[in-house]
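Colleague: Below is the file work_9.txt, which contains compact mmCIF, C-alpha atoms.
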```txt
# COMPACT_ATOMS: atom_id res chain seq x y z
CA MET A 1 -7.37 -16.64 -13.39
CA LEU A 2 -4.16 -18.35 -12.24
CA ARG A 3 -2.27 -16.77 -15.14
CA GLU A 4 -3.34 -13.28 -14.13
CA VAL A 5 -2.33 -13.85 -10.51
CA LEU A 6 1.06 -15.30 -11.48
CA THR A 7 1.65 -12.32 -13.77
CA ALA A 8 0.85 -10.00 -10.89
CA GLN A 9 3.27 -11.85 -8.60
CA TRP A 10 6.02 -11.57 -11.21
CA CYS A 11 5.41 -7.83 -11.44
CA LEU A 12 5.68 -7.57 -7.67
CA GLU A 13 8.97 -9.45 -7.57
CA SER A 14 10.39 -7.35 -10.41
CA LYS A 15 9.95 -4.10 -8.47
CA VAL A 16 13.07 -2.36 -7.22
CA GLU A 17 13.64 -3.37 -3.62
CA GLY A 18 12.56 -0.70 -1.16
CA ASP A 19 10.20 0.99 -3.60
CA ARG A 20 6.77 0.81 -1.96
CA MET A 21 4.18 -0.36 -4.41
CA LYS A 22 0.87 1.49 -4.46
CA VAL A 23 -2.08 -0.66 -5.49
CA ALA A 24 -5.47 0.54 -6.70
CA LEU A 25 -8.54 -1.60 -7.33
CA VAL A 26 -11.07 -0.10 -9.75
CA THR A 27 -14.38 -1.92 -10.15
CA GLY A 28 -16.18 -1.82 -13.48
CA ALA A 29 -12.94 -0.74 -15.14
CA SER A 30 -13.36 -2.30 -18.57
CA LYS A 31 -14.94 0.82 -20.09
CA GLY A 32 -16.19 4.35 -19.53
CA ILE A 33 -15.41 6.17 -16.31
CA GLY A 34 -13.93 3.09 -14.67
CA LYS A 35 -11.47 2.59 -17.50
CA ALA A 36 -10.46 6.26 -17.42
CA CYS A 37 -9.85 6.01 -13.66
CA ALA A 38 -7.75 2.86 -14.11
CA LEU A 39 -5.60 4.50 -16.79
CA ARG A 40 -5.15 7.70 -14.78
CA LEU A 41 -4.19 5.89 -11.58
CA ALA A 42 -1.69 3.79 -13.55
CA LYS A 43 -0.23 7.05 -14.88
CA ASP A 44 0.04 8.24 -11.27
CA GLY A 45 2.18 5.21 -10.47
CA TYR A 46 -0.36 2.80 -9.07
CA THR A 47 -0.39 -0.86 -9.94
CA VAL A 48 -4.01 -1.23 -11.03
CA VAL A 49 -6.40 -4.14 -10.63
CA VAL A 50 -8.96 -3.93 -13.43
CA ASN A 51 -12.17 -5.48 -12.15
CA TYR A 52 -14.95 -6.38 -14.58
CA SER A 53 -17.92 -8.74 -14.81
CA ASN A 54 -18.70 -9.24 -18.49
CA SER A 55 -16.33 -8.33 -21.32
CA ASP A 56 -13.01 -10.18 -21.14
CA ALA A 57 -11.77 -8.42 -24.28
CA ALA A 58 -12.57 -4.92 -22.99
CA ALA A 59 -10.87 -5.60 -19.65
CA GLN A 60 -7.77 -6.95 -21.37
CA GLU A 61 -7.72 -3.85 -23.59
CA THR A 62 -7.70 -1.64 -20.49
CA LEU A 63 -4.79 -3.63 -19.06
CA SER A 64 -2.96 -3.53 -22.41
CA GLN A 65 -3.23 0.26 -22.48
CA ILE A 66 -1.89 0.44 -18.93
CA GLN A 67 1.07 -1.75 -19.85
CA ALA A 68 1.72 0.09 -23.12
CA ALA A 69 2.10 3.28 -21.08
CA GLY A 70 4.65 1.59 -18.83
CA GLY A 71 2.26 0.71 -16.01
CA GLU A 72 1.52 -2.56 -14.27
CA GLY A 73 -1.62 -4.37 -13.24
CA MET A 74 -3.88 -7.35 -13.59
CA VAL A 75 -7.47 -8.09 -14.58
CA TYR A 76 -9.92 -9.82 -12.28
CA LYS A 77 -13.41 -10.97 -13.23
CA ALA A 78 -15.91 -10.75 -10.39
CA ASP A 79 -19.51 -9.72 -9.86
CA VAL A 80 -19.20 -7.27 -6.98
CA SER A 81 -22.82 -7.77 -6.00
CA LYS A 82 -21.83 -11.29 -4.86
CA LEU A 83 -20.05 -11.28 -1.49
CA ASP A 84 -18.27 -14.60 -2.08
CA GLN A 85 -16.77 -13.29 -5.33
CA VAL A 86 -15.68 -10.04 -3.68
CA LYS A 87 -14.00 -11.93 -0.84
CA LEU A 88 -12.10 -14.12 -3.29
CA MET A 89 -11.05 -11.13 -5.42
CA ILE A 90 -9.66 -9.19 -2.45
CA ARG A 91 -7.90 -12.30 -1.16
CA GLU A 92 -6.23 -12.90 -4.54
CA VAL A 93 -5.26 -9.26 -5.00
CA PHE A 94 -3.72 -9.18 -1.54
CA LYS A 95 -1.94 -12.47 -2.21
CA ALA A 96 -0.46 -10.99 -5.38
CA TYR A 97 0.52 -7.54 -4.11
CA GLY A 98 0.40 -7.60 -0.31
CA ARG A 99 -1.62 -4.39 -0.01
CA ILE A 100 -4.47 -2.30 -1.38
CA ASP A 101 -4.10 1.48 -1.14
CA VAL A 102 -7.07 2.70 -3.17
CA LEU A 103 -10.52 1.34 -3.93
CA VAL A 104 -12.63 3.04 -6.60
CA ASN A 105 -16.17 1.72 -6.26
CA ASN A 106 -17.39 2.33 -9.79
CA ALA A 107 -19.27 -0.74 -11.05
CA GLY A 108 -22.92 0.13 -11.39
CA ILE A 109 -26.09 -0.08 -13.43
CA VAL A 110 -28.65 2.43 -14.72
CA ARG A 111 -32.22 1.42 -15.44
CA ASP A 112 -34.48 4.37 -16.15
CA GLU A 113 -38.13 3.59 -15.42
CA TYR A 114 -41.01 5.79 -14.35
CA LEU A 115 -42.59 4.99 -11.00
CA LEU A 116 -45.57 3.02 -12.30
CA MET A 117 -43.28 0.90 -14.52
CA ILE A 118 -40.75 -0.08 -11.83
CA ASN A 119 -40.61 -3.83 -11.26
CA PRO A 120 -38.89 -5.98 -8.62
CA ASP A 121 -36.12 -7.01 -11.02
CA THR A 122 -35.11 -3.39 -11.58
CA LEU A 123 -35.12 -2.69 -7.85
CA ASP A 124 -33.14 -5.80 -6.99
CA LYS A 125 -30.44 -5.42 -9.64
CA CYS A 126 -29.89 -1.70 -9.06
CA PHE A 127 -29.64 -1.96 -5.29
CA GLU A 128 -27.57 -5.15 -5.42
CA LEU A 129 -24.90 -3.63 -7.66
CA ASN A 130 -25.06 0.09 -6.85
CA VAL A 131 -25.37 -0.25 -3.07
CA LYS A 132 -24.62 -3.78 -1.86
CA GLY A 133 -21.68 -4.04 -4.27
CA TYR A 134 -20.16 -0.85 -2.87
CA ILE A 135 -20.65 -2.04 0.69
CA TYR A 136 -19.15 -5.48 0.02
CA CYS A 137 -16.05 -4.02 -1.66
CA ALA A 138 -15.55 -1.35 1.00
CA GLN A 139 -15.97 -3.90 3.75
CA GLN A 140 -13.46 -6.39 2.39
CA VAL A 141 -10.92 -3.75 1.37
CA ALA A 142 -11.20 -2.00 4.73
CA LEU A 143 -10.18 -5.23 6.46
CA LYS A 144 -6.87 -4.97 4.60
CA MET A 145 -6.50 -1.21 5.02
CA PHE A 146 -6.94 -1.54 8.80
CA LYS A 147 -3.62 -3.34 9.01
CA GLN A 148 -1.93 -0.68 6.87
CA LYS A 149 -3.56 2.13 8.87
CA SER A 150 -4.02 3.95 5.59
CA GLY A 151 -6.10 3.90 2.44
CA VAL A 152 -8.58 5.79 0.29
CA ILE A 153 -12.01 4.72 -0.89
CA ILE A 154 -13.73 6.64 -3.68
CA ASN A 155 -17.41 5.91 -4.29
CA MET A 156 -18.78 6.83 -7.69
CA SER A 157 -22.07 8.62 -7.10
CA SER A 158 -24.06 10.69 -9.59
CA VAL A 159 -25.55 14.15 -9.97
CA SER A 160 -28.85 12.23 -9.96
CA SER A 161 -28.42 11.93 -6.20
CA LYS A 162 -28.85 15.70 -5.92
CA PHE A 163 -30.64 16.73 -9.11
CA ALA A 164 -34.00 15.16 -9.97
CA LEU A 165 -34.41 13.58 -13.39
CA ALA A 166 -37.76 12.05 -14.29
CA GLY A 167 -37.57 8.28 -14.67
CA GLN A 168 -34.57 7.87 -12.39
CA SER A 169 -36.22 7.31 -9.04
CA VAL A 170 -34.51 3.95 -8.48
CA TYR A 171 -31.10 5.07 -9.75
CA SER A 172 -31.33 8.31 -7.75
CA ALA A 173 -32.25 6.35 -4.63
CA THR A 174 -29.19 4.11 -5.01
CA LYS A 175 -26.86 7.07 -5.52
CA GLY A 176 -28.41 8.91 -2.59
CA ALA A 177 -27.58 5.80 -0.58
CA VAL A 178 -24.00 5.98 -1.86
CA ASN A 179 -23.70 9.56 -0.58
CA SER A 180 -24.96 8.59 2.87
CA LEU A 181 -22.74 5.51 2.88
CA THR A 182 -19.73 7.68 2.03
CA GLN A 183 -20.32 9.99 4.99
CA THR A 184 -20.92 7.15 7.44
CA LEU A 185 -17.86 5.18 6.33
CA ALA A 186 -15.73 8.32 6.62
CA LYS A 187 -16.69 8.53 10.31
CA GLU A 188 -16.22 4.82 10.93
CA LEU A 189 -12.88 4.46 9.16
CA GLY A 190 -11.20 7.81 9.74
CA GLY A 191 -9.57 6.66 12.97
CA TYR A 192 -7.73 3.98 10.99
CA GLY A 193 -6.24 6.45 8.53
CA ILE A 194 -8.78 5.58 5.82
CA ARG A 195 -10.42 8.41 3.88
CA VAL A 196 -13.73 7.99 2.05
CA ASN A 197 -15.11 10.43 -0.50
CA ALA A 198 -17.54 10.34 -3.40
CA VAL A 199 -17.53 11.81 -6.89
CA ALA A 200 -20.90 12.66 -8.43
CA PRO A 201 -20.58 13.11 -12.21
CA GLY A 202 -23.26 14.73 -14.31
CA PHE A 203 -23.68 14.00 -18.02
CA ILE A 204 -20.41 12.38 -19.10
CA ALA A 205 -19.63 11.56 -22.73
CA THR A 206 -19.60 7.76 -22.59
CA GLU A 207 -21.36 4.97 -24.48
CA MET A 208 -24.43 5.61 -22.36
CA ILE A 209 -24.71 9.18 -23.64
CA ASP A 210 -23.93 8.10 -27.20
CA ALA A 211 -27.00 5.85 -27.11
CA ILE A 212 -29.31 8.83 -26.45
CA PRO A 213 -30.99 10.32 -29.56
CA GLU A 214 -29.19 13.44 -30.81
CA GLU A 215 -32.17 15.73 -30.26
CA LYS A 216 -32.41 14.68 -26.63
CA ARG A 217 -28.64 15.10 -26.16
CA LYS A 218 -28.88 18.68 -27.43
CA ALA A 219 -31.70 19.36 -24.96
CA TYR A 220 -29.53 18.05 -22.11
CA VAL A 221 -26.59 20.24 -23.16
CA GLU A 222 -28.83 23.31 -23.06
CA GLN A 223 -29.46 22.63 -19.36
CA ILE A 224 -25.74 22.67 -18.56
CA PRO A 225 -24.21 26.11 -17.86
CA LEU A 226 -20.89 25.07 -19.44
CA LYS A 227 -22.83 23.92 -22.55
CA ARG A 228 -21.06 20.59 -22.99
CA PHE A 229 -20.88 17.10 -21.57
CA GLY A 230 -18.02 16.21 -19.29
CA THR A 231 -15.42 13.60 -20.19
CA ALA A 232 -14.45 10.39 -18.44
CA ASP A 233 -10.91 11.77 -18.18
CA GLU A 234 -12.20 14.76 -16.22
CA VAL A 235 -13.84 12.43 -13.71
CA ALA A 236 -10.63 10.41 -13.51
CA ASN A 237 -8.65 13.61 -12.87
CA MET A 238 -10.83 14.35 -9.85
CA VAL A 239 -10.40 10.80 -8.54
CA SER A 240 -6.65 11.17 -9.00
CA ALA A 241 -6.65 14.36 -6.96
CA LEU A 242 -8.82 12.95 -4.18
CA VAL A 243 -6.61 9.91 -3.61
CA SER A 244 -3.46 12.07 -3.51
CA ASP A 245 -1.81 13.48 -0.40
CA GLN A 246 -2.96 16.94 -1.48
CA PHE A 247 -6.41 15.96 -0.19
CA ALA A 248 -5.13 14.17 2.92
CA TYR A 249 -7.45 16.18 5.20
CA VAL A 250 -10.61 15.64 3.15
CA THR A 251 -13.05 12.87 3.94
CA GLY A 252 -16.80 12.25 3.91
CA GLN A 253 -17.44 14.67 1.04
CA VAL A 254 -19.41 14.35 -2.20
CA PHE A 255 -17.79 16.24 -5.08
CA VAL A 256 -20.20 17.15 -7.87
CA LEU A 257 -18.70 17.25 -11.37
CA ASP A 258 -21.56 18.36 -13.60
CA GLY A 259 -20.66 21.56 -15.43
CA GLY A 260 -23.11 23.45 -13.24
CA LEU A 261 -26.15 21.32 -14.09
CA SER A 262 -27.34 21.02 -10.48
CA LEU A 263 -27.07 24.75 -9.67
```
In structure tokens, write the structure found in this file.

Modeller:
Amino acid sequence: MLREVLTAQWCLESKVEGDRMKVALVTGASKGIGKACALRLAKDGYTVVVNYSNSDAAAQETLSQIQAAGGEGMVYKADVSKLDQVKLMIREVFKAYGRIDVLVNNAGIVRDEYLLMINPDTLDKCFELNVKGYIYCAQQVALKMFKQKSGVIINMSSVSSKFALAGQSVYSATKGAVNSLTQTLAKELGGYGIRVNAVAPGFIATEMIDAIPEEKRKAYVEQIPLKRFGTADEVANMVSALVSDQFAYVTGQVFVLDGGLSL
């Protein structure tokens, strides 16, 4: 951990004087949509903090790709469903860089279970990570953004919050909570120059989709007007746009990226 922080401090000191550093924290950034967002924000000029909770190798690979493309960043291992770990992560990131401009709340979990099969463990883990984790990160980052009087928070929602899929009652409930949280935070934080929006992807070609039997994948594609799955890069492109000044007057919105699935 100390090595990563020292590396981040060196990067900060090596910046050209007077060039304001933009810092983005992406949770769950070791793979999938989170990784794509981290890479895209690095391309946009952000110094990126790659948060993860499990795979050290995958997180380091994300950072390596950022650096290979000429970007800067650091990795930080923390379970965002644990408030003490979130507090420490934000403290260390701020110590290293002195600011946080963007938070992408992406770390989450999917556990598909039909109503009569839902157990307390499923409920606890989904709500702890998908809802409490988002709240903890937003809360601690907002404390830093208040002083800057600026910042953007992007919450990763899901089309499941608006489009019913059998077996996803718990997941849908957590993402519905994310949508409501997004709107409420937008009202609470807007006066401090902080914008809060959500992105709700549909079926995105990630490892999760790859694990679905081919026959079932084909059936899903048939439900999508554009007749294909989306890509993690397409989600990252939307995140990139929403954190930019081009969307400076947009807050409290949920942007659905689903190829028309929910129409």

Colleague: State, in Å with one decimal place, the distance from CA of Phe146 (chain A) to CA of Gly28 (chain A).

Modeller: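 Those two atoms sit 24.1 Å apart.
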
Colleague: Quick one: of A:Arg228, A:Lys125, A:Arg40, A:Lys162, who's nearest to Ala200 (chain A), counting only C-alpha atoms?

Modeller: A:Lys162

Colleague: Counting only C-alpha atoms, which residues sit no farther than 10 Å from the position (-13.3, -4.8, -17.2) in the file's frame? I'd like them as a PyMOL selection string.

Modeller: chain A and resi 26-32+34-35+38+49-63+75-78+107

Colleague: In Å, how far is it from CA of Phe247 (chain A) to CA of Ser161 (chain A)?

Modeller: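 Straight-line distance from CA of Phe247 (chain A) to CA of Ser161 (chain A) works out to 23.2 Å.
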
Colleague: Quick one: of A:Ile204, A:Val152, A:Val93, A:Cys126, who's nearest to Tyr249 (chain A), counting all atoms listed in the file?

Modeller: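 Result for the nearest residue to Tyr249 (chain A): A:Val152.
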
Colleague: Do you know which residues are at most 8 Å from Asn130 (chain A) counting only C-alpha atoms, after dropping those on the same chain fewer than 5 positions away, and could you put them as a list in words?

Modeller: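 Using only C-alpha atoms, the neighbours found are Ala107, Gly108, Ile109, Thr174, Lys175 and Val178 of chain A.
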
Colleague: Work out how far apart CA of Ala232 (chain A) and CA of Gln85 (chain A) are and give it in Å to one decimal.

Modeller: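 Result for CA of Ala232 (chain A) versus CA of Gln85 (chain A): 27.2 Å, one decimal.
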
Colleague: Select, from A:Ala69, A:Asp101, A:Ser169, A:Lys43, the residue with the minimum atom-to-atom distance to Met117 (chain A), counting all atoms listed in the file.

Modeller: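 Going through A:Ala69, A:Asp101, A:Ser169, A:Lys43 one by one, the smallest distance to Met117 (chain A) is for A:Ser169.
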
Colleague: Give the answer as one residue: which of A:Ala164, A:Ile224, A:Met208, A:Leu189 has the shortest atom-to-atom distance to Gln139 (chain A), using all atoms listed in the file?

Modeller: A:Leu189

Colleague: Residues within 10 Å of (-20.3, -4.5, 0.9), file coordinates, counting all atoms listed in the file: what are they? Give the list as JSON, numbers by chain.

Modeller: {"A": [80, 81, 82, 83, 86, 87, 128, 129, 131, 132, 133, 134, 135, 136, 137, 138, 139, 140, 141]}

Colleague: Find the residue from A:Val196, A:Leu25, A:Phe229, A:Val256 that sits nearest to Ile90 (chain A); use all atoms listed in the file when measuring.

Modeller: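 Looking only at the distances to Ile90 (chain A), the closest residue turns out to be A:Leu25.
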
Colleague: My list of candidates is A:Ile66, A:Gly73, A:Lys147, A:Val221. Which is closest to Met21 (chain A) when distances are computed with only C-alpha atoms?

Modeller: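 The closest residue to Met21 (chain A) is A:Gly73.
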